[in-house]
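Shown here: coords_32.txt, compact mmCIF, C-alpha atoms.
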# COMPACT_ATOMS: atom_id res chain seq x y z
CA MET A 1432 39.63 76.84 -37.49
CA SER A 1433 40.34 80.44 -38.57
CA ARG A 1434 38.64 83.49 -37.04
CA MET A 1435 36.72 83.95 -40.27
CA GLU A 1436 35.31 80.44 -40.15
CA LYS A 1437 34.39 80.97 -36.50
CA GLY A 1438 32.72 84.29 -37.35
CA ARG A 1439 34.64 86.18 -34.69
CA CYS A 1440 36.00 89.71 -34.54
CA HIS A 1441 39.77 90.20 -34.13
CA CYS A 1442 39.08 91.02 -30.44
CA GLY A 1443 37.60 87.54 -29.98
CA ALA A 1444 33.99 88.69 -29.58
CA GLU A 1445 31.22 87.23 -31.69
CA GLY A 1446 30.99 88.99 -35.07
CA ALA A 1447 27.93 91.14 -35.76
CA VAL A 1448 28.92 92.13 -39.29
CA PHE A 1449 30.86 90.44 -42.07
CA LEU A 1450 32.68 92.77 -44.47
CA ALA A 1451 33.07 90.65 -47.59
CA TYR A 1452 35.37 93.18 -49.33
CA SER A 1453 37.97 92.85 -46.59
CA CYS A 1454 37.01 89.33 -45.49
CA LYS A 1455 36.61 90.50 -41.88
CA HIS A 1456 34.12 89.89 -39.11
CA LEU A 1457 33.59 92.77 -36.71
CA CYS A 1458 31.78 92.90 -33.39
CA GLU A 1459 29.40 95.80 -32.78
CA SER A 1460 31.93 97.93 -30.96
CA HIS A 1461 34.70 97.47 -33.56
CA PHE A 1462 32.25 98.07 -36.41
CA ILE A 1463 31.24 101.42 -34.88
CA ARG A 1464 34.90 102.30 -34.33
CA MET A 1465 35.79 101.45 -37.96
CA PHE A 1466 32.77 103.43 -39.24
CA ASP A 1467 33.64 106.57 -37.23
CA LYS A 1468 37.31 106.34 -38.21
CA ARG A 1469 36.46 106.12 -41.93
CA PHE A 1470 34.05 109.06 -41.63
CA ARG A 1471 36.74 111.25 -40.04
CA LYS A 1472 39.38 110.08 -42.53
CA THR A 1473 37.12 111.01 -45.47
CA VAL A 1474 36.51 114.47 -44.00
CA ARG A 1475 40.23 115.00 -43.28
CA MET A 1476 41.69 113.57 -46.53
CA ASN A 1477 39.44 115.73 -48.65
CA SER A 1478 39.79 118.83 -46.45
CA MET A 1479 36.01 118.98 -46.29
CA LEU A 1480 35.71 121.11 -43.17
CA ARG A 1481 37.53 124.02 -41.59
CA ARG A 1482 37.28 125.51 -38.13
CA LYS A 1483 34.38 127.89 -37.51
CA GLU A 1484 32.67 127.12 -40.80
CA ARG A 1485 28.88 127.03 -40.94
CA VAL A 1486 27.71 123.72 -42.38
CA ALA A 1487 24.19 123.11 -43.67
CA VAL A 1488 23.19 119.44 -43.77
CA GLY A 1489 20.62 118.27 -46.30
CA LEU A 1490 18.42 116.24 -43.95
CA SER A 1491 15.61 114.13 -45.40
CA GLY A 1492 15.07 111.95 -42.33
CA GLY A 1493 16.26 108.82 -44.15
CA LYS A 1494 19.18 106.74 -42.90
CA ASP A 1495 22.00 108.46 -44.83
CA SER A 1496 21.29 112.06 -43.90
CA THR A 1497 20.38 111.15 -40.31
CA VAL A 1498 23.66 109.26 -39.82
CA LEU A 1499 25.49 112.16 -41.48
CA LEU A 1500 23.91 114.63 -39.05
CA HIS A 1501 24.84 112.48 -36.03
CA SER A 1502 28.41 111.92 -37.24
CA LEU A 1503 28.93 115.63 -37.93
CA ALA A 1504 27.49 116.49 -34.50
CA GLU A 1505 29.98 114.02 -32.98
CA LEU A 1506 32.83 115.61 -34.94
CA GLN A 1507 31.88 119.01 -33.49
CA LYS A 1508 33.29 117.79 -30.17
CA ASP A 1509 36.80 117.92 -31.68
CA LEU A 1510 36.44 120.52 -34.41
CA PRO A 1511 34.57 123.74 -33.72
CA PHE A 1512 32.09 124.40 -36.53
CA GLU A 1513 28.41 125.29 -36.76
CA LEU A 1514 25.69 122.90 -37.88
CA VAL A 1515 22.26 123.67 -39.28
CA ALA A 1516 19.83 121.31 -41.04
CA ILE A 1517 17.82 121.88 -44.22
CA THR A 1518 14.85 119.65 -45.01
CA ILE A 1519 13.23 119.85 -48.41
CA ASP A 1520 9.58 118.87 -48.63
CA GLU A 1521 9.08 117.82 -52.24
CA GLY A 1522 5.40 117.11 -51.71
CA ILE A 1523 5.28 113.35 -52.28
CA GLU A 1524 2.08 111.90 -50.86
CA GLY A 1525 2.57 109.14 -48.29
CA TYR A 1526 6.36 109.42 -48.35
CA ARG A 1527 7.85 112.74 -47.29
CA ALA A 1528 5.48 113.31 -44.38
CA ARG A 1529 6.72 110.02 -42.87
CA THR A 1530 10.41 110.98 -43.08
CA MET A 1531 9.85 114.58 -41.88
CA LYS A 1532 9.05 113.35 -38.38
CA PRO A 1533 12.34 111.46 -37.74
CA ALA A 1534 14.23 114.43 -39.25
CA LYS A 1535 12.59 116.73 -36.71
CA ILE A 1536 13.29 114.30 -33.85
CA ALA A 1537 16.98 113.99 -34.86
CA CYS A 1538 17.38 117.79 -34.82
CA GLU A 1539 15.61 118.12 -31.49
CA ASN A 1540 17.72 115.36 -29.91
CA LEU A 1541 20.95 116.95 -31.13
CA GLY A 1542 19.89 120.54 -30.51
CA ILE A 1543 20.36 121.49 -34.17
CA GLU A 1544 18.30 124.23 -35.86
CA GLN A 1545 16.13 122.82 -38.68
CA HIS A 1546 14.83 124.83 -41.64
CA ILE A 1547 12.12 123.38 -43.87
CA PHE A 1548 11.69 124.49 -47.49
CA SER A 1549 9.07 123.12 -49.83
CA PHE A 1550 8.72 122.73 -53.58
CA ARG A 1551 5.34 124.43 -53.21
CA GLU A 1552 6.97 127.56 -51.75
CA LEU A 1553 9.66 127.42 -54.40
CA CYS A 1554 7.56 126.97 -57.52
CA GLY A 1555 3.93 126.84 -56.42
CA LYS A 1556 3.56 123.10 -56.99
CA THR A 1557 4.34 119.83 -55.23
CA LEU A 1558 6.35 117.11 -57.01
CA ASP A 1559 3.17 115.03 -57.31
CA GLU A 1560 1.47 117.92 -59.13
CA LEU A 1561 4.51 118.48 -61.36
CA VAL A 1562 4.59 114.79 -62.29
CA LYS A 1563 0.89 114.79 -63.19
CA LYS A 1564 1.39 117.85 -65.38
CA SER A 1565 4.39 116.50 -67.27
CA LYS A 1566 4.14 113.14 -69.03
CA ASP A 1567 7.57 113.19 -70.67
CA ASN A 1568 9.79 113.82 -67.71
CA ILE A 1569 11.09 111.09 -65.43
CA PRO A 1570 10.13 112.33 -61.94
CA CYS A 1571 13.56 111.57 -60.45
CA SER A 1572 15.52 113.78 -62.82
CA GLN A 1573 12.97 116.59 -62.36
CA CYS A 1574 13.02 116.14 -58.57
CA GLY A 1575 16.84 116.08 -58.60
CA VAL A 1576 17.00 119.44 -60.42
CA PHE A 1577 14.48 121.01 -58.03
CA ARG A 1578 16.10 119.55 -54.92
CA ARG A 1579 19.63 120.68 -55.89
CA TYR A 1580 18.26 124.14 -56.66
CA ALA A 1581 16.33 124.33 -53.37
CA LEU A 1582 19.22 123.04 -51.24
CA ASN A 1583 21.71 125.49 -52.75
CA LYS A 1584 19.35 128.44 -52.41
CA ALA A 1585 18.46 127.50 -48.82
CA ALA A 1586 22.12 126.94 -47.83
CA ARG A 1587 23.06 130.34 -49.27
CA GLU A 1588 20.16 132.06 -47.49
CA LEU A 1589 21.31 130.47 -44.23
CA LYS A 1590 24.83 131.81 -44.91
CA ALA A 1591 26.35 128.33 -44.95
CA ASP A 1592 29.98 127.88 -46.02
CA LYS A 1593 29.37 124.24 -46.96
CA LEU A 1594 26.43 122.07 -47.89
CA ALA A 1595 26.84 118.52 -46.54
CA LEU A 1596 25.02 115.75 -48.39
CA GLY A 1597 24.40 112.16 -47.32
CA HIS A 1598 25.59 110.59 -50.57
CA ASN A 1599 27.21 107.24 -49.82
CA LEU A 1600 29.62 104.93 -51.66
CA ASP A 1601 26.74 103.24 -53.51
CA ASP A 1602 25.36 106.61 -54.68
CA MET A 1603 28.81 107.64 -55.88
CA ALA A 1604 29.48 104.37 -57.72
CA GLN A 1605 26.02 104.58 -59.34
CA THR A 1606 26.59 108.17 -60.46
CA VAL A 1607 30.00 107.32 -61.93
CA LEU A 1608 28.56 104.39 -63.91
CA MET A 1609 25.47 106.35 -64.99
CA ASN A 1610 27.62 109.14 -66.38
CA ILE A 1611 29.77 106.62 -68.24
CA MET A 1612 26.74 104.73 -69.59
CA ARG A 1613 25.17 108.00 -70.76
CA CYS A 1614 28.51 109.10 -72.22
CA GLU A 1615 28.61 112.28 -70.14
CA PRO A 1616 32.26 112.52 -69.04
CA SER A 1617 31.98 116.29 -68.52
CA ARG A 1618 29.37 115.69 -65.81
CA LEU A 1619 31.73 113.18 -64.23
CA ALA A 1620 34.46 115.85 -64.20
CA ARG A 1621 32.30 118.10 -62.01
CA LEU A 1622 30.84 115.39 -59.79
CA ASN A 1623 32.81 116.44 -56.69
CA GLU A 1624 33.26 120.10 -57.45
CA PRO A 1625 32.10 122.57 -60.12
CA LEU A 1626 34.69 123.21 -62.85
CA THR A 1627 34.55 126.94 -62.18
CA LYS A 1628 33.76 128.76 -58.97
CA ASN A 1629 30.64 130.84 -58.49
CA SER A 1630 29.87 132.79 -55.33
CA LYS A 1631 26.22 131.77 -55.51
CA LEU A 1632 27.06 128.05 -55.45
CA VAL A 1633 27.59 126.74 -51.92
CA PRO A 1634 30.42 124.14 -52.01
CA ARG A 1635 29.13 120.62 -51.38
CA ILE A 1636 30.77 117.97 -49.24
CA ARG A 1637 29.98 114.26 -49.05
CA PRO A 1638 31.55 112.84 -45.89
CA LEU A 1639 29.87 109.42 -46.40
CA MET A 1640 31.13 109.00 -49.96
CA MET A 1641 33.44 106.13 -48.94
CA THR A 1642 30.84 104.36 -46.77
CA PRO A 1643 28.71 101.56 -48.26
CA GLU A 1644 24.94 102.12 -48.01
CA ARG A 1645 24.37 98.83 -46.17
CA GLU A 1646 26.87 99.80 -43.48
CA ILE A 1647 25.02 103.09 -42.93
CA ALA A 1648 21.83 101.11 -42.33
CA ILE A 1649 23.67 98.82 -39.90
CA TYR A 1650 25.22 101.78 -38.04
CA ALA A 1651 21.82 103.49 -37.73
CA MET A 1652 20.36 100.27 -36.28
CA MET A 1653 23.23 99.81 -33.84
CA LYS A 1654 22.91 103.40 -32.65
CA GLY A 1655 19.11 103.10 -32.35
CA MET A 1656 18.45 106.12 -34.57
CA PRO A 1657 14.77 106.81 -35.27
CA ILE A 1658 14.57 106.25 -39.01
CA GLU A 1659 11.53 105.71 -41.17
CA ARG A 1660 12.10 102.80 -43.54
CA VAL A 1661 10.04 103.98 -46.46
CA GLU A 1662 11.16 104.16 -50.09
CA CYS A 1663 10.23 106.98 -52.45
CA PRO A 1664 7.30 105.79 -54.63
CA TYR A 1665 9.03 107.24 -57.71
CA ALA A 1666 12.31 105.33 -57.15
CA ARG A 1667 11.21 102.49 -59.43
CA PHE A 1668 11.11 104.82 -62.45
CA ALA A 1669 14.74 105.81 -62.14
CA PHE A 1670 17.63 104.62 -64.29
CA ARG A 1671 19.59 104.76 -61.02
CA GLY A 1672 17.52 101.85 -59.70
CA GLN A 1673 18.70 99.64 -62.59
CA VAL A 1674 22.32 100.65 -62.06
CA ARG A 1675 21.95 100.01 -58.33
CA LYS A 1676 20.77 96.46 -59.02
CA MET A 1677 23.62 95.84 -61.45
CA LEU A 1678 26.22 97.13 -58.99
CA ASN A 1679 24.78 95.11 -56.10
CA GLU A 1680 24.93 91.95 -58.21
CA SER A 1681 28.57 92.69 -59.07
CA GLU A 1682 29.39 93.44 -55.43
CA GLU A 1683 27.93 90.11 -54.39
CA ARG A 1684 30.06 88.21 -56.91
CA TYR A 1685 33.15 90.41 -56.70
CA PRO A 1686 33.26 92.07 -53.26
CA GLY A 1687 34.89 95.50 -53.37
CA THR A 1688 33.44 96.47 -56.76
CA LYS A 1689 31.90 99.72 -55.47
CA PHE A 1690 35.16 100.83 -53.84
CA LYS A 1691 36.96 100.04 -57.10
CA VAL A 1692 34.49 102.04 -59.24
CA VAL A 1693 34.75 105.10 -57.00
CA GLY A 1694 38.51 104.61 -56.55
CA SER A 1695 39.00 104.50 -60.33
CA PHE A 1696 36.99 107.70 -60.71
CA LEU A 1697 39.09 109.47 -58.06
CA GLU A 1698 42.26 108.35 -59.89
CA ILE A 1699 41.17 109.93 -63.18
CA GLU A 1700 39.26 112.88 -61.70
CA ASP A 1701 42.10 115.41 -62.11
CA ALA A 1702 42.66 114.39 -65.73
CA LEU A 1703 38.94 114.75 -66.46
CA ARG A 1704 38.81 118.17 -64.75
CA SER A 1705 41.79 119.42 -66.78
CA LYS A 1706 40.18 118.25 -70.00
CA TYR A 1707 36.79 119.87 -69.36
CA ALA A 1708 37.85 122.97 -67.41
CA LYS A 1709 38.47 124.90 -70.61
CA GLY A 1710 35.38 126.74 -71.71
CA ALA A 1711 33.40 125.75 -68.62
CA ALA A 1712 31.52 128.72 -67.29
CA ILE A 1713 28.82 129.29 -64.75
CA ALA A 1714 26.74 132.33 -65.50
CA GLU A 1715 23.40 133.37 -64.05
CA CYS A 1716 19.99 132.26 -65.22
CA THR A 1717 18.34 135.13 -67.09
CA SER A 1718 15.03 134.27 -65.43
CA CYS A 1719 15.80 133.62 -61.74
CA GLY A 1720 19.39 134.81 -61.34
CA GLU A 1721 20.59 131.53 -59.86
CA PRO A 1722 23.86 129.97 -61.11
CA SER A 1723 23.48 128.12 -64.41
CA SER A 1724 25.60 126.92 -67.30
CA ARG A 1725 22.77 127.84 -69.71
CA ASP A 1726 20.85 131.06 -70.37
CA VAL A 1727 17.78 129.68 -68.61
CA CYS A 1728 18.51 127.17 -65.83
CA MET A 1729 16.95 123.69 -65.76
CA PHE A 1730 14.79 124.66 -62.77
CA CYS A 1731 13.12 127.53 -64.67
CA LYS A 1732 12.81 125.40 -67.79
CA LEU A 1733 11.11 122.53 -65.96
CA LYS A 1734 8.98 124.85 -63.82
CA SER A 1735 7.43 126.43 -66.86
CA MET B 1234 13.16 78.44 -37.45
CA GLU B 1235 10.99 81.53 -37.54
CA LEU B 1236 11.48 83.92 -40.45
CA VAL B 1237 10.30 87.54 -40.29
CA LEU B 1238 10.31 89.21 -43.68
CA ASP B 1239 8.48 92.39 -44.67
CA ASP B 1240 6.64 92.41 -41.32
CA GLU B 1241 5.30 88.90 -41.91
CA SER B 1242 6.33 85.97 -39.79
CA ARG B 1243 6.38 82.31 -40.82
CA GLU B 1244 7.93 79.03 -39.76
CA MET B 1245 10.29 77.31 -42.18
CA GLU B 1246 12.89 74.59 -42.24
CA PHE B 1247 16.30 75.57 -43.48
CA SER B 1248 19.80 74.25 -43.19
CA GLY B 1249 22.73 76.45 -44.18
CA THR B 1250 24.14 79.91 -43.60
CA LEU B 1251 22.30 83.24 -43.55
CA ALA B 1252 23.92 84.05 -46.93
CA GLU B 1253 22.41 80.88 -48.36
CA LEU B 1254 19.04 81.74 -46.81
CA LEU B 1255 19.09 85.17 -48.48
CA LYS B 1256 19.91 83.49 -51.78
CA GLU B 1257 16.95 81.13 -51.34
CA LEU B 1258 14.72 84.16 -50.62
CA LYS B 1259 16.14 85.86 -53.75
CA ILE B 1260 17.32 88.83 -51.71
CA MET B 1261 20.72 90.32 -52.47
CA ARG B 1262 23.13 90.42 -49.53
CA GLU B 1263 23.85 94.07 -50.32
CA GLU B 1264 20.18 94.93 -49.93
CA ALA B 1265 19.47 93.37 -46.55
CA VAL B 1266 20.57 93.26 -42.93
CA VAL B 1267 19.85 90.18 -40.84
CA ARG B 1268 19.04 89.98 -37.14
CA VAL B 1269 19.11 86.61 -35.39
CA ASN B 1270 17.29 86.36 -32.08
CA GLY B 1271 17.25 90.15 -31.86
CA ARG B 1272 20.96 90.68 -32.60
CA LEU B 1273 22.73 91.63 -35.81
CA ALA B 1274 24.47 88.63 -37.31
CA PRO B 1275 26.99 88.12 -40.13
CA GLU B 1276 25.81 86.25 -43.22
CA THR B 1277 28.41 83.57 -42.52
CA ARG B 1278 26.44 82.43 -39.45
CA LYS B 1279 24.73 79.05 -39.67
CA VAL B 1280 20.98 78.93 -39.14
CA LYS B 1281 19.89 76.91 -36.11
CA PRO B 1282 16.49 75.20 -35.80
CA ARG B 1283 15.12 77.49 -33.03
CA ASP B 1284 16.43 80.78 -34.44
CA ARG B 1285 14.19 83.78 -35.01
CA ILE B 1286 15.54 85.42 -38.16
CA GLU B 1287 14.53 88.93 -39.21
CA VAL B 1288 15.48 90.05 -42.70
CA ILE B 1289 15.44 93.84 -42.92
CA ARG B 1290 15.64 95.36 -46.37
CA VAL B 1291 17.99 98.28 -46.84
CA VAL B 1292 15.83 101.13 -48.07
CA PHE B 1293 17.28 102.99 -51.02
CA GLY B 1294 17.95 106.69 -50.52
CA GLY B 1295 17.78 108.99 -47.59
Would you encode the structure as structure tokens?
Amino acid sequence: MSRMEKGRCHCGAEGAVFLAYSCKHLCESHFIRMFDKRFRKTVRMNSMLRRKERVAVGLSGGKDSTVLLHSLAELQKDLPFELVAITIDEGIEGYRARTMKPAKIACENLGIEQHIFSFRELCGKTLDELVKKSKDNIPCSQCGVFRRYALNKAARELKADKLALGHNLDDMAQTVLMNIMRCEPSRLARLNEPLTKNSKLVPRIRPLMMTPEREIAIYAMMKGMPIERVECPYARFAFRGQVRKMLNESEERYPGTKFKVVGSFLEIEDALRSKYAKGAAIAECTSCGEPSSRDVCMFCKLKS
Amino acid sequence: MELVLDDESREMEFSGTLAELLKELKIMREEAVVRVNGRLAPETRKVKPRDRIEVIRVVFGG
């Protein structure tokens, strides 16, 4: 009988996780080792961090950003850099308040400074109020614009060199497919990095971009991280939710699909960037002065 | 076996692997983590009659 049939890790211990895309069973200790190694490899291969940089982590208190914070704090033992956390309170009744608590606990446990910014402070309204006011907008796209705006502004105010986001492999694969399905290749070209530099845009890094979402959940459980398992009540409205379902079905039938989607994007990324770099410009919003590719940025447009 | 799903517990009879159990419950493997008798278990594991199986859904986002 093979190890796979027996469900054992290569070390002989009983398997805790089965990775269908590599047809491997791993025990808890080898899973954690593989996870940490992949995290560090992603950071190193993409030159995401440099010594003495100040890194702001977008921390919601959910599994992805909490694991990201812990893994970056662990990396600090070998690479000297500063860490600070930013939590955005969108103002979603019954949801955000529940994830704010574990975010606070994670920062306290790791001794990391946490800064909280709210949509209400930013534009005078909570997301719930904005959604009630606007019938045409899908809350997720509106929330995404506001959150990106808030995170960038907060990171810049905190003098961060980098803004670290908890986007995982599933998020990346979904974004790639969504941009293809919406026929927006120019957005795909600037997925990892803006096409032109702007001093007001804090560069973003995604150290979990090669880590499947399910493995982040498993890692958080193994490490006993305090995470609130609550889903955003608006998630069901999003196109992303449909794409997520489609990708998960494909992954189940054809393990490795998500790695292949993201891998294919990374292969053609340079070609896409060359094609769309011409004419790409980031100016400043005439209303708020924040970076924008239009006269009035999406934040100001949606706010009004 | 005892099945705990969405904080509700119930007894059920099942013969097969955890992957087959998830299929029966119409839960995608990618969207769940399974604990057997308090420990994480791979979906290739066979269900035993006295097992306590917890199916934990992977929450989207965060």
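Closest approach to Glu1662 (chain A) among A:Leu1480, A:Lys1494, A:Lys1472, A:Phe1462: A:Lys1494, based on all atoms listed in the file.
Take the candidates A:Gly1710, A:Pro1686, A:Pro1511, A:Pro1664 and check each one against Cys1571 (chain A) using all atoms listed in the file; the shortest distance goes to A:Pro1664.
For the choices A:Ile1523, A:Ile1611, A:Leu1561, A:Cys1454, the atom-to-atom distance to chain B is smallest for A:Cys1454 when using all atoms listed in the file.
The spacing separating CA of Asp1701 (chain A) from CA of Arg1613 (chain A) amounts to 20.4 Å.
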Taking only residues of chain B that have an atom at most 9 Å from an atom of chain A, what is each one's shortest atom pair and its distance in Å to one decimal, using all atoms listed in the file, in chain and number order, as a tab-separated table?
residue	atom	partner	partner_atom	distance
B:Met1261	CA	A:Asn1679	CA	7.3
B:Arg1262	CA	A:Glu1683	CA	6.8
B:Glu1263	CA	A:Asn1679	CA	5.9
B:Glu1264	CA	A:Arg1645	CA	6.8
B:Ala1265	CA	A:Arg1645	CA	7.3
B:Val1266	CA	A:Ile1649	CA	7.1
B:Arg1272	CA	A:Ala1447	CA	7.7
B:Leu1273	CA	A:Ala1447	CA	5.2
B:Ala1274	CA	A:Ala1447	CA	4.5
B:Pro1275	CA	A:Val1448	CA	4.5
B:Glu1276	CA	A:Phe1449	CA	6.7
B:Thr1277	CA	A:Gly1438	CA	6.8
B:Arg1278	CA	A:Gly1438	CA	6.9
B:Arg1290	CA	A:Arg1660	CA	8.7
B:Val1291	CA	A:Arg1645	CA	6.4
B:Val1292	CA	A:Glu1662	CA	5.9
B:Phe1293	CA	A:Glu1662	CA	6.3
B:Gly1294	CA	A:Gly1493	CA	6.9
B:Gly1295	CA	A:Gly1493	CA	3.8
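Closest to Met1234 (chain B) among B:Leu1258, B:Asn1270, B:Glu1246, B:Lys1279 is B:Glu1246, based on only C-alpha atoms.
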>> List as number ranges by chain the residues having at least one atom at most 6 Å from position (26.2, 128.2, -56.7) as given in the file, counting only C-alpha atoms.
In response: A: 1629, 1631-1633, 1722
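In terms of minimum interatomic distance to Leu1558 (chain A), A:Tyr1665 ranks closest within A:Tyr1685, A:Tyr1665, A:Tyr1580, A:Phe1690, counting all atoms listed in the file.
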Since the input lacks atoms, please generate N, CA and C atoms for region 1567-1581 of chain A and provide them as an mmCIF file, in the coordinates of the input.
data_model
loop_
_atom_site.group_PDB
_atom_site.id
_atom_site.type_symbol
_atom_site.label_atom_id
_atom_site.label_comp_id
_atom_site.auth_asym_id
_atom_site.auth_seq_id
_atom_site.Cartn_x
_atom_site.Cartn_y
_atom_site.Cartn_z
ATOM 1 N N ASP A 1567 6.305 113.591 -70.047
ATOM 2 C CA ASP A 1567 7.570 113.190 -70.670
ATOM 3 C C ASP A 1567 8.723 113.045 -69.688
ATOM 4 N N ASN A 1568 8.642 113.813 -68.613
ATOM 5 C CA ASN A 1568 9.790 113.820 -67.710
ATOM 6 C C ASN A 1568 9.767 112.664 -66.713
ATOM 7 N N ILE A 1569 10.951 112.103 -66.464
ATOM 8 C CA ILE A 1569 11.090 111.090 -65.430
ATOM 9 C C ILE A 1569 11.083 111.860 -64.112
ATOM 10 N N PRO A 1570 10.223 111.529 -63.160
ATOM 11 C CA PRO A 1570 10.130 112.330 -61.940
ATOM 12 C C PRO A 1570 11.441 112.516 -61.210
ATOM 13 N N CYS A 1571 12.313 111.489 -61.241
ATOM 14 C CA CYS A 1571 13.560 111.570 -60.450
ATOM 15 C C CYS A 1571 14.504 112.636 -60.989
ATOM 16 N N SER A 1572 14.588 112.772 -62.307
ATOM 17 C CA SER A 1572 15.520 113.780 -62.820
ATOM 18 C C SER A 1572 14.951 115.175 -62.539
ATOM 19 N N GLN A 1573 13.637 115.310 -62.646
ATOM 20 C CA GLN A 1573 12.970 116.590 -62.360
ATOM 21 C C GLN A 1573 13.148 116.933 -60.866
ATOM 22 N N CYS A 1574 12.900 115.955 -60.019
ATOM 23 C CA CYS A 1574 13.020 116.140 -58.570
ATOM 24 C C CYS A 1574 14.462 116.501 -58.205
ATOM 25 N N GLY A 1575 15.425 115.824 -58.869
ATOM 26 C CA GLY A 1575 16.840 116.080 -58.600
ATOM 27 C C GLY A 1575 17.211 117.530 -58.896
ATOM 28 N N VAL A 1576 16.725 118.044 -60.031
ATOM 29 C CA VAL A 1576 17.000 119.440 -60.420
ATOM 30 C C VAL A 1576 16.417 120.384 -59.374
ATOM 31 N N PHE A 1577 15.171 120.145 -58.992
ATOM 32 C CA PHE A 1577 14.480 121.010 -58.030
ATOM 33 C C PHE A 1577 15.137 120.950 -56.648
ATOM 34 N N ARG A 1578 15.511 119.730 -56.247
ATOM 35 C CA ARG A 1578 16.100 119.550 -54.920
ATOM 36 C C ARG A 1578 17.474 120.231 -54.830
ATOM 37 N N ARG A 1579 18.292 120.035 -55.885
ATOM 38 C CA ARG A 1579 19.630 120.680 -55.890
ATOM 39 C C ARG A 1579 19.480 122.193 -55.817
ATOM 40 N N TYR A 1580 18.526 122.700 -56.603
ATOM 41 C CA TYR A 1580 18.260 124.140 -56.660
ATOM 42 C C TYR A 1580 17.826 124.638 -55.269
ATOM 43 N N ALA A 1581 16.876 123.933 -54.677
ATOM 44 C CA ALA A 1581 16.330 124.330 -53.370
ATOM 45 C C ALA A 1581 17.393 124.266 -52.277
#
